[in-house]
>>> print(open('run-v4.txt').read())   # compact mmCIF, C-alpha atoms
# COMPACT_ATOMS: atom_id res chain seq x y z
CA MET R 1 -12.27 18.15 21.50
CA PHE R 2 -8.49 17.99 21.52
CA THR R 3 -8.46 15.09 23.98
CA SER R 4 -10.59 12.88 21.76
CA GLN R 5 -8.68 13.94 18.66
CA THR R 6 -5.33 13.11 20.26
CA SER R 7 -6.63 9.80 21.59
CA SER R 8 -7.92 8.78 18.16
CA PHE R 9 -4.59 9.67 16.55
CA GLN R 10 -2.61 7.77 19.15
CA ASP R 11 -4.79 4.71 18.62
CA SER R 12 -4.06 4.80 14.90
CA ILE R 13 -0.26 4.96 15.23
CA ASP R 14 -0.15 2.42 18.07
CA VAL R 15 -1.34 -0.43 15.87
CA GLU R 16 1.80 -2.45 16.59
CA GLU R 17 0.94 -2.51 20.28
CA ARG R 18 -2.56 -3.94 19.92
CA ASP R 19 -2.98 -5.57 16.50
CA ASP R 20 -2.89 -9.32 16.12
CA TYR R 21 0.08 -9.00 13.78
CA GLU R 22 1.98 -9.16 17.06
CA SER R 23 1.10 -12.83 17.47
CA GLU R 24 0.68 -13.82 13.82
CA GLU R 25 3.72 -12.21 12.26
CA ILE R 26 6.37 -10.97 14.68
CA ALA R 27 7.62 -14.43 15.61
CA GLY R 28 8.70 -14.99 12.02
CA TYR R 29 10.43 -11.63 11.73
CA SER R 30 12.48 -11.27 14.90
CA GLN R 31 15.93 -11.30 13.32
CA LYS R 32 15.40 -11.89 9.59
CA ILE R 33 13.77 -10.23 6.64
CA GLN R 34 12.60 -13.33 4.80
CA LEU R 35 10.04 -15.72 6.16
CA ASN R 36 9.40 -19.11 4.62
CA CYS R 37 7.43 -18.48 1.47
CA TYR R 38 6.39 -20.85 -1.28
CA TYR R 39 4.89 -20.91 -4.75
CA THR R 40 3.10 -23.48 -6.89
CA ILE R 41 1.83 -23.39 -10.46
CA TYR R 42 -0.67 -25.86 -11.94
CA LEU R 43 -2.00 -26.42 -15.43
CA TYR R 44 -5.80 -26.39 -15.27
CA GLN R 45 -7.70 -28.24 -17.98
CA GLY R 46 -11.37 -29.02 -17.67
CA THR R 47 -11.60 -30.30 -14.14
CA SER R 48 -8.05 -31.57 -13.66
CA LEU R 49 -4.97 -29.96 -12.15
CA THR R 50 -1.50 -30.92 -13.34
CA LEU R 51 1.51 -29.82 -11.32
CA ILE R 52 4.04 -27.79 -13.30
CA ASP R 53 6.35 -26.51 -10.58
CA SER R 54 6.35 -25.95 -6.81
CA SER R 55 8.69 -24.93 -4.02
CA LEU R 56 6.55 -26.69 -1.43
CA PRO R 57 7.83 -29.84 0.32
CA SER R 58 6.73 -32.95 -1.57
CA GLU R 59 4.31 -34.00 1.18
CA ALA R 60 2.58 -30.60 1.22
CA GLU R 61 1.89 -30.16 -2.50
CA PRO R 62 -0.84 -32.84 -2.77
CA GLU R 63 -2.61 -31.19 0.18
CA LEU R 64 -2.57 -27.87 -1.64
CA ARG R 65 -3.81 -29.52 -4.83
CA THR R 66 -6.76 -31.01 -2.97
CA TYR R 67 -7.60 -27.60 -1.55
CA ILE R 68 -7.38 -25.88 -4.96
CA SER R 69 -9.50 -28.57 -6.62
CA ARG R 70 -12.17 -28.05 -4.00
CA ARG R 71 -12.13 -24.28 -4.58
CA LEU R 72 -12.37 -24.71 -8.33
CA SER R 73 -15.30 -27.13 -8.05
CA LYS R 74 -17.17 -24.52 -6.03
CA GLY R 75 -16.43 -21.79 -8.55
CA ALA R 76 -14.47 -19.85 -5.93
CA LEU R 77 -11.59 -18.97 -8.27
CA LEU R 78 -12.51 -16.42 -10.92
CA GLY R 79 -10.22 -15.69 -13.82
CA GLY R 80 -7.70 -12.95 -13.05
CA MET R 81 -8.99 -12.31 -9.52
CA GLY R 82 -6.89 -13.46 -6.59
CA ASN R 83 -8.40 -15.37 -3.69
CA ILE R 84 -6.75 -15.34 -0.26
CA ALA R 85 -7.39 -17.82 2.54
CA THR R 86 -5.64 -19.78 5.28
CA VAL R 87 -4.53 -23.29 4.38
CA GLU R 88 -3.11 -26.03 6.59
CA LEU R 89 -0.22 -27.88 4.99
CA SER R 90 2.62 -30.16 6.03
CA ILE R 91 5.09 -27.30 6.39
CA PRO R 92 6.81 -25.85 9.49
CA GLU R 93 4.21 -23.08 9.76
CA GLN R 94 1.32 -25.58 9.49
CA ALA R 95 -1.26 -22.84 8.81
CA VAL R 96 -0.23 -20.25 6.26
CA GLY R 97 -1.79 -17.50 4.14
CA CYS R 98 -2.38 -18.63 0.57
CA TYR R 99 -3.01 -16.41 -2.47
CA CYS R 100 -4.47 -18.24 -5.47
CA CYS R 101 -5.28 -16.89 -8.91
CA LEU R 102 -6.61 -18.54 -12.07
CA LEU R 103 -5.02 -17.19 -15.25
CA GLU R 104 -7.29 -18.27 -18.06
CA GLN R 105 -5.87 -19.07 -21.47
CA GLU R 106 -6.94 -16.87 -24.33
CA ARG R 107 -9.53 -18.55 -26.53
CA SER R 108 -8.44 -19.44 -30.04
CA PRO R 109 -10.39 -20.51 -33.15
CA GLU R 110 -8.91 -23.99 -32.74
CA GLN R 111 -10.21 -24.23 -29.13
CA PRO R 112 -13.49 -22.32 -28.94
CA ASP R 113 -14.59 -24.24 -25.86
CA ALA R 114 -11.47 -23.61 -23.80
CA ASP R 115 -13.25 -21.52 -21.19
CA GLY R 116 -11.80 -22.08 -17.74
CA ASN R 117 -8.57 -23.65 -18.98
CA GLY R 118 -5.37 -21.99 -17.90
CA TYR R 119 -2.94 -21.89 -15.01
CA VAL R 120 -3.50 -21.68 -11.27
CA ILE R 121 -0.81 -19.67 -9.47
CA CYS R 122 -0.42 -20.01 -5.68
CA PHE R 123 1.73 -17.93 -3.34
CA MET R 124 2.05 -18.98 0.31
CA GLY R 125 3.61 -17.09 3.20
CA GLY R 126 2.71 -15.10 6.31
CA SER R 127 -0.94 -14.98 7.26
CA GLU R 128 -4.22 -14.53 5.41
CA LYS R 129 -4.64 -11.10 6.99
CA GLY R 130 -1.13 -10.07 5.99
CA LEU R 131 -1.49 -11.14 2.36
CA ASN R 132 -4.82 -9.32 2.10
CA LEU R 133 -2.95 -6.06 2.65
CA PHE R 134 -1.02 -6.73 -0.58
CA ARG R 135 -3.85 -8.11 -2.70
CA LEU R 136 -3.48 -5.47 -5.43
CA GLU R 137 0.28 -5.99 -5.66
CA LEU R 138 -0.17 -9.77 -5.87
CA ASP R 139 -2.84 -9.46 -8.56
CA LYS R 140 -0.56 -7.23 -10.61
CA TYR R 141 2.43 -9.54 -10.11
CA VAL R 142 0.50 -12.57 -11.33
CA GLN R 143 -0.68 -10.67 -14.40
CA GLY R 144 2.95 -9.95 -15.19
CA LEU R 145 3.42 -13.69 -15.73
CA HIS R 146 0.77 -13.89 -18.44
CA SER R 147 3.04 -13.43 -21.45
CA SER R 148 5.56 -15.98 -20.13
CA LEU R 149 2.85 -18.65 -19.98
CA GLN R 150 2.13 -18.48 -23.71
CA THR R 151 5.22 -20.53 -24.59
CA PRO R 152 4.27 -24.07 -25.76
CA GLU R 153 4.83 -26.64 -23.02
CA LEU R 154 6.46 -23.91 -20.91
CA GLN R 155 9.90 -24.41 -22.39
CA ASN R 156 10.87 -21.23 -20.52
CA LEU R 157 10.04 -22.74 -17.11
CA GLU R 158 13.60 -22.68 -15.76
CA THR R 159 14.71 -19.45 -17.45
CA GLU R 160 11.63 -17.23 -16.88
CA VAL R 161 8.68 -18.74 -15.04
CA ARG R 162 10.42 -20.31 -12.04
CA PRO R 163 12.67 -17.30 -11.27
CA TYR R 164 9.65 -14.99 -11.57
CA LEU R 165 7.52 -17.11 -9.22
CA SER R 166 10.32 -17.43 -6.68
CA ARG R 167 10.60 -13.61 -6.39
CA TRP R 168 6.91 -13.00 -5.56
CA TYR R 169 7.51 -12.10 -1.91
CA GLU R 170 10.52 -9.89 -2.60
CA GLU R 171 8.75 -8.00 -5.39
CA SER R 172 5.16 -7.81 -4.13
CA VAL R 173 5.54 -7.46 -0.35
CA MET R 174 8.96 -6.09 0.59
CA HIS R 175 9.05 -2.76 -1.30
CA ILE R 176 7.62 -0.67 1.57
CA TYR R 177 10.15 -2.19 3.97
CA ARG R 178 13.02 -1.42 1.58
CA VAL R 179 11.97 2.23 1.26
CA VAL R 180 11.75 2.71 5.05
CA GLN R 181 15.17 1.08 5.42
CA LEU R 182 16.52 3.38 2.71
CA VAL R 183 15.38 6.74 4.11
CA GLN R 184 14.91 5.86 7.82
CA SER R 185 13.62 8.88 9.79
CA ASN R 186 13.34 10.86 6.55
CA ILE R 187 10.23 8.80 5.78
CA SER R 188 8.13 11.78 6.91
CA PHE R 189 9.24 13.73 3.81
CA LEU R 190 7.95 10.94 1.56
CA LEU R 191 4.67 10.77 3.47
CA HIS R 192 4.18 14.51 3.07
CA ALA R 193 5.05 14.33 -0.63
CA ALA R 194 2.45 11.60 -1.13
CA LEU R 195 -0.28 13.57 0.64
CA SER R 196 0.55 16.85 -1.12
CA HIS R 197 0.98 15.33 -4.61
CA THR R 198 4.61 16.47 -4.76
CA HIS R 199 6.67 14.71 -7.40
CA VAL R 200 9.53 12.59 -6.04
CA GLU R 201 12.67 12.08 -8.11
CA VAL R 202 15.26 9.44 -7.26
CA THR R 203 18.74 10.01 -8.66
CA ASN R 204 21.94 7.94 -8.81
CA SER R 205 20.16 4.69 -8.04
CA ASP R 206 19.20 1.47 -9.78
CA GLU R 207 15.80 0.97 -11.38
CA LYS R 208 14.58 -1.25 -8.55
CA THR R 209 15.07 1.50 -5.97
CA LYS R 210 13.30 4.01 -8.21
CA ALA R 211 10.41 1.59 -8.64
CA ASP R 212 10.25 0.94 -4.88
CA VAL R 213 9.99 4.66 -4.08
CA SER R 214 7.39 5.19 -6.80
CA ARG R 215 5.28 2.34 -5.44
CA PHE R 216 5.61 3.65 -1.89
CA ILE R 217 4.41 7.12 -2.93
CA LYS R 218 1.49 5.57 -4.80
CA ALA R 219 0.59 3.38 -1.80
CA ALA R 220 0.71 6.39 0.56
CA SER R 221 -1.27 8.66 -1.76
CA LEU R 222 -4.97 9.36 -1.22
CA GLN R 223 -5.82 9.58 -4.91
CA GLY R 224 -8.95 7.61 -5.63
CA LEU R 225 -9.79 7.32 -1.93
CA SER R 226 -10.75 10.74 -0.61
CA GLN R 227 -11.98 12.50 -3.73
CA GLN R 228 -13.66 11.83 -7.05
CA ASP R 229 -11.46 11.43 -10.11
CA THR R 230 -12.40 14.84 -11.51
CA THR R 231 -11.49 16.53 -8.26
CA THR R 232 -8.21 14.64 -8.05
CA ALA R 233 -7.33 15.78 -11.56
CA SER R 234 -8.16 19.35 -10.54
CA LEU R 235 -5.98 19.00 -7.47
CA CYS R 236 -3.01 17.69 -9.46
CA LYS R 237 -3.38 20.57 -11.92
CA ALA R 238 -3.52 23.09 -9.08
CA ILE R 239 -0.41 21.62 -7.51
CA SER R 240 1.52 21.66 -10.77
CA GLU R 241 0.70 25.34 -11.21
CA ASP R 242 2.14 26.15 -7.80
CA THR R 243 5.86 26.77 -7.44
CA LEU R 244 6.49 23.57 -5.54
CA SER R 245 9.86 21.86 -5.96
CA ASP R 246 10.28 18.15 -6.50
CA LEU R 247 11.52 16.10 -3.57
CA ILE R 248 14.94 14.79 -4.61
CA ILE R 249 16.42 11.59 -3.18
CA ASP R 250 20.10 11.36 -4.14
CA CYS R 251 21.33 7.80 -3.63
CA SER R 252 24.97 8.55 -4.46
CA THR R 253 25.65 8.58 -0.72
CA SER R 254 24.65 6.23 2.06
CA PRO R 255 22.32 7.15 3.62
CA PRO R 256 20.78 9.04 0.68
CA LYS R 257 20.68 12.84 0.70
CA LEU R 258 17.22 14.41 0.44
CA SER R 259 16.67 17.95 -0.82
CA ASN R 260 13.64 20.24 -1.14
CA THR R 261 12.25 18.46 1.91
CA VAL R 262 8.90 19.47 3.39
CA SER R 263 7.11 17.83 6.30
CA ASN R 264 4.70 18.74 9.08
CA ARG R 265 3.88 17.62 12.60
CA PHE R 266 1.29 15.08 11.38
CA CYS R 267 3.82 13.24 9.18
CA ASP R 268 6.60 13.55 11.77
CA ASP R 269 4.41 11.85 14.39
CA TRP R 270 4.34 8.66 12.28
CA ILE R 271 8.12 8.30 11.95
CA GLN R 272 8.64 6.14 15.02
CA ALA R 273 5.83 3.73 14.15
CA PHE R 274 7.44 3.06 10.76
CA LEU R 275 10.92 2.69 12.26
CA ASN R 276 9.69 0.27 14.93
CA ALA R 277 8.00 -1.98 12.36
CA ALA R 278 11.05 -1.85 10.07
CA GLU R 279 13.31 -2.82 12.99
CA ARG R 280 11.11 -5.88 13.47
CA CYS R 281 11.49 -6.63 9.74
CA ASN R 282 7.72 -6.92 9.43
CA PRO R 283 6.41 -5.76 6.02
CA PHE R 284 2.81 -6.65 6.91
CA LEU R 285 2.85 -4.42 9.96
CA LEU R 286 4.45 -1.64 7.90
CA ARG R 287 1.62 -1.83 5.37
CA GLN R 288 -1.01 -1.74 8.14
CA ILE R 289 0.64 1.37 9.62
CA LEU R 290 0.65 2.99 6.18
CA GLU R 291 -3.06 2.24 5.78
CA ASN R 292 -3.76 3.72 9.22
CA PHE R 293 -1.79 6.83 8.23
CA LYS R 294 -3.98 7.27 5.16
CA LEU R 295 -7.17 6.60 7.12
CA LYS R 296 -6.32 9.27 9.68
CA ALA R 297 -5.54 11.78 6.90
CA ILE R 298 -8.89 11.04 5.21
CA GLN R 299 -10.74 11.41 8.51
CA ASP R 300 -9.13 14.81 9.04
CA MET R 301 -9.99 15.89 5.50
CA ASN R 302 -13.62 14.97 6.05
CA SER R 303 -13.64 16.86 9.36
CA LEU R 304 -12.25 19.98 7.69
CA LYS R 305 -14.84 19.81 4.91
CA ARG R 306 -17.57 19.64 7.53
CA PHE R 307 -16.12 22.59 9.44
CA VAL R 308 -15.80 24.66 6.25
CA ARG R 309 -19.47 24.10 5.41
CA GLN R 310 -20.46 25.11 8.92
CA ALA R 311 -18.14 28.16 8.86
CA GLU R 312 -20.07 29.62 5.92
CA MET R 313 -22.92 30.24 8.37
CA SER R 314 -21.20 30.59 11.73
CA HIS R 315 -18.23 32.56 13.02
CA TYR R 316 -17.90 30.08 15.87
CA ALA R 317 -17.52 27.26 13.35
CA LEU R 318 -14.74 29.28 11.71
CA PHE R 319 -13.03 29.48 15.09
CA ARG R 320 -13.40 25.70 15.43
CA CYS R 321 -11.79 25.33 11.98
CA CYS R 322 -8.79 27.29 13.19
CA GLN R 323 -8.56 25.20 16.34
CA PHE R 324 -8.78 21.97 14.35
CA LEU R 325 -6.08 22.98 11.88
CA GLN R 326 -3.80 24.09 14.69
CA GLY R 327 -4.27 20.81 16.52
CA CYS R 328 -4.11 18.27 13.69
CA GLY R 329 -0.61 19.20 12.50
CA ASN R 330 -1.57 18.62 8.86
CA GLY R 331 -3.18 21.96 8.05
CA ASP R 332 -1.09 22.75 4.96
CA VAL R 333 -2.06 19.50 3.23
CA LEU R 334 -5.70 19.65 4.30
CA LEU R 335 -6.16 23.20 3.02
CA GLN R 336 -4.37 22.36 -0.21
CA ASN R 337 -6.84 19.55 -0.86
CA ALA R 338 -9.80 21.61 0.32
CA ARG R 339 -8.99 24.50 -2.01
CA ALA R 340 -8.84 22.20 -5.03
CA GLU R 341 -12.02 20.40 -4.05
CA HIS R 342 -13.96 23.64 -3.45
CA SER R 343 -12.50 25.56 -6.40
CA ASP R 344 -15.98 26.17 -7.87
CA LEU R 345 -17.52 27.31 -4.56
CA PRO R 346 -16.69 31.00 -3.91
CA GLU R 347 -17.93 31.09 -0.30
CA ALA R 348 -15.92 28.01 0.65
CA CYS R 349 -12.84 29.44 -1.08
CA SER R 350 -13.19 32.61 0.98
CA ILE R 351 -13.25 30.55 4.18
CA ILE R 352 -10.19 28.60 3.05
CA THR R 353 -8.33 31.83 2.28
CA VAL R 354 -8.99 33.02 5.85
CA LEU R 355 -7.76 29.68 7.21
CA GLU R 356 -4.61 29.80 5.08
CA GLU R 357 -3.85 33.26 6.43
CA PHE R 358 -4.40 31.99 9.96
CA LEU R 359 -1.89 29.17 9.43
CA ARG R 360 0.67 31.59 7.98
CA GLU R 361 0.35 33.86 10.99
CA GLN R 362 0.70 30.90 13.36
CA SER R 363 3.79 29.72 11.50
CA GLN R 364 5.39 33.16 11.62
CA ALA R 365 4.59 33.53 15.31
CA GLN R 366 6.24 30.16 16.09
CA ALA R 367 9.28 31.07 13.97
>>> encode(input="run-v4.txt", output="structure tokens")
Amino acid sequence: MFTSQTSSFQDSIDVEERDDYESEEIAGYSQKIQLNCYYTIYLYQGTSLTLIDSSLPSEAEPELRTYISRRLSKGALLGGMGNIATVELSIPEQAVGCYCCLLEQERSPEQPDADGNGYVICFMGGSEKGLNLFRLELDKYVQGLHSSLQTPELQNLETEVRPYLSRWYEESVMHIYRVVQLVQSNISFLLHAALSHTHVEVTNSDEKTKADVSRFIKAASLQGLSQQDTTTASLCKAISEDTLSDLIIDCSTSPPKLSNTVSNRFCDDWIQAFLNAAERCNPFLLRQILENFKLKAIQDMNSLKRFVRQAEMSHYALFRCCQFLQGCGNGDVLLQNARAEHSDLPEACSIITVLEEFLREQSQAQA
């Protein structure tokens, strides 16, 4: 049992040794943070595309326009929903990941038949697989441009639209990298906070750093993935009623000082994977590692739920629960989630109480 469990865990944290990000991404990240990234914005009216602005080389833009026109004619671009694919353009990378989104104009009484008109926003950089990891961030970033596109004839192109488009990679992709660079090996405390729903407060820093940390915690959290919304709300309420202290990140010093830190063996085991990817300056690999971290935590939660159900009928299953919690290194978080999820099941709560006592005894024995 422990052999297979350890093997599965090692596979999940060793993604950088076997994933094709090694060939697709690492070459562009060996000594620099930024890769070549581009943007383009078109006005879309009826069936025609009119170029408004682009950072692509002049020979590459018509190639992109042909590609976008073909996608639009096939109905492959839906309003407000990003589409990601690989495009071949006359740029140094030749083949590059391309995110495209159609922002439709709001219909007005003067133009009741303006359906489909709007702007097509394109972001290019990295690979298709890499951009897919940040689809939600890219969708949200494009939506943030909506109000700026209401100005007649885009008179704010140079002052608002162009600067906003040129920051897409920095704002939508690099935040996880910046957080790992900020806290380094202390990343395990943030991972534990995300799993345990502990509030994280950043002090003595600029708003960008606070936003980066908040987005990292949200990206590492399992809310909406492992439990139903009602259960998640119950969990958050249960946590807030406990006497847990906020994790404080004080950025008045470099490196920052962290207080009220809590971690466990499970979170500590992921530190090196994050540091290795950050050293390679590869934000796509960092995001994949974060997703693997969450997947492993969800798998362990599901295993514990299965063991708890079995333990209600079998003392041997209860023994297996204890073995599992001792081996996974994430027992405190798993039991915390399990107690909230089974709060209306007395028998399951009794099992969880026994398991919590077991972990306390193990902790005291090791101390």
>>> residues_around(input="run-v4.txt", residues="stretch 155-171 of chain R", least_positions_apart="2", cutoff="8 Å", atoms="all atoms listed in the file", output="tab-separated table (two decimals) with C-alpha atoms, in the frame of the given file")
chain	number	residue	atom	x	y	z
R	37	CYS	CA	7.43	-18.48	1.47
R	38	TYR	CA	6.39	-20.85	-1.28
R	39	TYR	CA	4.89	-20.91	-4.75
R	53	ASP	CA	6.35	-26.51	-10.58
R	123	PHE	CA	1.73	-17.93	-3.34
R	138	LEU	CA	-0.17	-9.77	-5.87
R	141	TYR	CA	2.43	-9.54	-10.11
R	145	LEU	CA	3.42	-13.69	-15.73
R	148	SER	CA	5.56	-15.98	-20.13
R	149	LEU	CA	2.85	-18.65	-19.98
R	151	THR	CA	5.22	-20.53	-24.59
R	152	PRO	CA	4.27	-24.07	-25.76
R	153	GLU	CA	4.83	-26.64	-23.02
R	173	VAL	CA	5.54	-7.46	-0.35
R	174	MET	CA	8.96	-6.09	0.59
R	175	HIS	CA	9.05	-2.76	-1.30
>>> closest_residue(input="run-v4.txt", among="R:Gly118, R:Gly75, R:Gly329, R:Pro62", to="R:Leu89", atoms="all atoms listed in the file")
R:Pro62
>>> closest_residue(input="run-v4.txt", among="R:Thr198, R:Gln150, R:Asn276, R:Ser73", to="R:Asp246", atoms="all atoms listed in the file")
R:Thr198
>>> axis_aligned_box(input="run-v4.txt", around="stretch 250-259 of chain R", padding_each_side="8 Å", output="lines of an AutoDock Vina configuration file")
center_x = 21.2
center_y = 12.1
center_z = -0.4
size_x = 25.0
size_y = 27.7
size_z = 24.1
>>> closest_residue(input="run-v4.txt", among="R:Gln181, R:Thr209, R:Ser363, R:Ser221", to="R:Leu290", atoms="all atoms listed in the file")
R:Ser221
>>> atom_distance(input="run-v4.txt", atom1="atom CA of R:Val202", atom2="atom CA of R:Phe274")
20.7 Å
>>> atom_distance(input="run-v4.txt", atom1="atom CA of R:Arg280", atom2="atom CA of R:Gln184")
13.6 Å
>>> atom_distance(input="run-v4.txt", atom1="atom CA of R:Gln105", atom2="atom CA of R:Gly46")
12.0 Å
>>> residues_around(input="run-v4.txt", residues="R:His199", least_positions_apart="2", cutoff="8 Å", atoms="all atoms listed in the file", output="list of chain:residue names")
R:Ala193, R:His197, R:Glu201, R:Ser245, R:Asp246, R:Leu247
>>> residues_near_point(input="run-v4.txt", point="(5.4, 2.8, -6.0)", cutoff="12 Å", atoms="only C-alpha atoms", output="VMD selection string")
chain R and resid 137 171 to 176 178 to 179 190 194 200 to 202 207 to 221
>>> write_last_selection(input="run-v4.txt", atoms="C-alpha atoms", output="short mmCIF file (atom, residue, chain, number, x, y, z; two decimals), keeping the file's coordinate frame")
data_model
loop_
_atom_site.label_atom_id
_atom_site.label_comp_id
_atom_site.auth_asym_id
_atom_site.auth_seq_id
_atom_site.Cartn_x
_atom_site.Cartn_y
_atom_site.Cartn_z
CA GLU R 137 0.28 -5.99 -5.66
CA GLU R 171 8.75 -8.00 -5.39
CA SER R 172 5.16 -7.81 -4.13
CA VAL R 173 5.54 -7.46 -0.35
CA MET R 174 8.96 -6.09 0.59
CA HIS R 175 9.05 -2.76 -1.30
CA ILE R 176 7.62 -0.67 1.57
CA ARG R 178 13.02 -1.42 1.58
CA VAL R 179 11.97 2.23 1.26
CA LEU R 190 7.95 10.94 1.56
CA ALA R 194 2.45 11.60 -1.13
CA VAL R 200 9.53 12.59 -6.04
CA GLU R 201 12.67 12.08 -8.11
CA VAL R 202 15.26 9.44 -7.26
CA GLU R 207 15.80 0.97 -11.38
CA LYS R 208 14.58 -1.25 -8.55
CA THR R 209 15.07 1.50 -5.97
CA LYS R 210 13.30 4.01 -8.21
CA ALA R 211 10.41 1.59 -8.64
CA ASP R 212 10.25 0.94 -4.88
CA VAL R 213 9.99 4.66 -4.08
CA SER R 214 7.39 5.19 -6.80
CA ARG R 215 5.28 2.34 -5.44
CA PHE R 216 5.61 3.65 -1.89
CA ILE R 217 4.41 7.12 -2.93
CA LYS R 218 1.49 5.57 -4.80
CA ALA R 219 0.59 3.38 -1.80
CA ALA R 220 0.71 6.39 0.56
CA SER R 221 -1.27 8.66 -1.76
#
>>> residues_near_point(input="run-v4.txt", point="(17.4, 12.9, 4.9)", cutoff="7 Å", atoms="only C-alpha atoms", output="PyMOL selection string")
chain R and resi 183+186+256-258
>>> write_last_selection(input="run-v4.txt", atoms="C-alpha atoms", output="PDB file, in the frame of the given file")
ATOM      1  CA  VAL R 183      15.380   6.740   4.110  1.00  0.00           C
ATOM      2  CA  ASN R 186      13.340  10.860   6.550  1.00  0.00           C
ATOM      3  CA  PRO R 256      20.780   9.040   0.680  1.00  0.00           C
ATOM      4  CA  LYS R 257      20.680  12.840   0.700  1.00  0.00           C
ATOM      5  CA  LEU R 258      17.220  14.410   0.440  1.00  0.00           C
TER       6      LEU R 258
END
>>> decode(input="run-v4.txt", residues="stretch 300-314 of chain R", atoms="N, CA, C and O atoms", output="PDB file, in the first residue's frame")
ATOM      1  N   ASP R 300      -6.202  12.199  -2.254  1.00  0.00           N
ATOM      2  CA  ASP R 300      -6.085  11.764  -0.852  1.00  0.00           C
ATOM      3  C   ASP R 300      -7.374  12.023  -0.083  1.00  0.00           C
ATOM      4  O   ASP R 300      -7.758  11.216   0.781  1.00  0.00           O
ATOM      5  N   MET R 301      -8.046  13.126  -0.362  1.00  0.00           N
ATOM      6  CA  MET R 301      -9.328  13.393   0.294  1.00  0.00           C
ATOM      7  C   MET R 301     -10.357  12.317  -0.056  1.00  0.00           C
ATOM      8  O   MET R 301     -11.099  11.846   0.812  1.00  0.00           O
ATOM      9  N   ASN R 302     -10.395  11.947  -1.323  1.00  0.00           N
ATOM     10  CA  ASN R 302     -11.336  10.910  -1.743  1.00  0.00           C
ATOM     11  C   ASN R 302     -11.004   9.568  -1.104  1.00  0.00           C
ATOM     12  O   ASN R 302     -11.901   8.806  -0.727  1.00  0.00           O
ATOM     13  N   SER R 303      -9.707   9.268  -0.967  1.00  0.00           N
ATOM     14  CA  SER R 303      -9.298   8.018  -0.319  1.00  0.00           C
ATOM     15  C   SER R 303      -9.738   8.007   1.137  1.00  0.00           C
ATOM     16  O   SER R 303     -10.246   6.998   1.642  1.00  0.00           O
ATOM     17  N   LEU R 304      -9.552   9.139   1.832  1.00  0.00           N
ATOM     18  CA  LEU R 304      -9.944   9.200   3.236  1.00  0.00           C
ATOM     19  C   LEU R 304     -11.461   9.028   3.394  1.00  0.00           C
ATOM     20  O   LEU R 304     -11.914   8.326   4.299  1.00  0.00           O
ATOM     21  N   LYS R 305     -12.223   9.673   2.524  1.00  0.00           N
ATOM     22  CA  LYS R 305     -13.682   9.523   2.593  1.00  0.00           C
ATOM     23  C   LYS R 305     -14.094   8.065   2.429  1.00  0.00           C
ATOM     24  O   LYS R 305     -14.987   7.578   3.127  1.00  0.00           O
ATOM     25  N   ARG R 306     -13.422   7.371   1.524  1.00  0.00           N
ATOM     26  CA  ARG R 306     -13.723   5.949   1.316  1.00  0.00           C
ATOM     27  C   ARG R 306     -13.365   5.129   2.547  1.00  0.00           C
ATOM     28  O   ARG R 306     -14.137   4.267   2.985  1.00  0.00           O
ATOM     29  N   PHE R 307     -12.217   5.425   3.148  1.00  0.00           N
ATOM     30  CA  PHE R 307     -11.791   4.694   4.342  1.00  0.00           C
ATOM     31  C   PHE R 307     -12.732   4.956   5.520  1.00  0.00           C
ATOM     32  O   PHE R 307     -13.024   4.056   6.307  1.00  0.00           O
ATOM     33  N   VAL R 308     -13.199   6.217   5.651  1.00  0.00           N
ATOM     34  CA  VAL R 308     -14.108   6.555   6.747  1.00  0.00           C
ATOM     35  C   VAL R 308     -15.418   5.782   6.604  1.00  0.00           C
ATOM     36  O   VAL R 308     -15.956   5.255   7.590  1.00  0.00           O
ATOM     37  N   ARG R 309     -15.940   5.694   5.405  1.00  0.00           N
ATOM     38  CA  ARG R 309     -17.172   4.925   5.185  1.00  0.00           C
ATOM     39  C   ARG R 309     -16.976   3.458   5.549  1.00  0.00           C
ATOM     40  O   ARG R 309     -17.835   2.828   6.174  1.00  0.00           O
ATOM     41  N   GLN R 310     -15.831   2.922   5.165  1.00  0.00           N
ATOM     42  CA  GLN R 310     -15.548   1.515   5.465  1.00  0.00           C
ATOM     43  C   GLN R 310     -15.328   1.307   6.963  1.00  0.00           C
ATOM     44  O   GLN R 310     -15.711   0.274   7.526  1.00  0.00           O
ATOM     45  N   ALA R 311     -14.732   2.315   7.633  1.00  0.00           N
ATOM     46  CA  ALA R 311     -14.409   2.188   9.057  1.00  0.00           C
ATOM     47  C   ALA R 311     -15.655   2.150   9.931  1.00  0.00           C
ATOM     48  O   ALA R 311     -15.589   1.689  11.076  1.00  0.00           O
ATOM     49  N   GLU R 312     -16.777   2.631   9.417  1.00  0.00           N
ATOM     50  CA  GLU R 312     -18.027   2.575  10.169  1.00  0.00           C
ATOM     51  C   GLU R 312     -18.497   1.139  10.372  1.00  0.00           C
ATOM     52  O   GLU R 312     -19.298   0.861  11.265  1.00  0.00           O
ATOM     53  N   MET R 313     -17.961   0.227   9.552  1.00  0.00           N
ATOM     54  CA  MET R 313     -18.388  -1.176   9.622  1.00  0.00           C
ATOM     55  C   MET R 313     -17.249  -2.130   9.939  1.00  0.00           C
ATOM     56  O   MET R 313     -17.487  -3.312  10.138  1.00  0.00           O
ATOM     57  N   SER R 314     -16.008  -1.616   9.968  1.00  0.00           N
ATOM     58  CA  SER R 314     -14.876  -2.527  10.112  1.00  0.00           C
ATOM     59  C   SER R 314     -13.768  -1.874  10.926  1.00  0.00           C
ATOM     60  O   SER R 314     -13.316  -0.769  10.601  1.00  0.00           O
TER      61      SER R 314
END
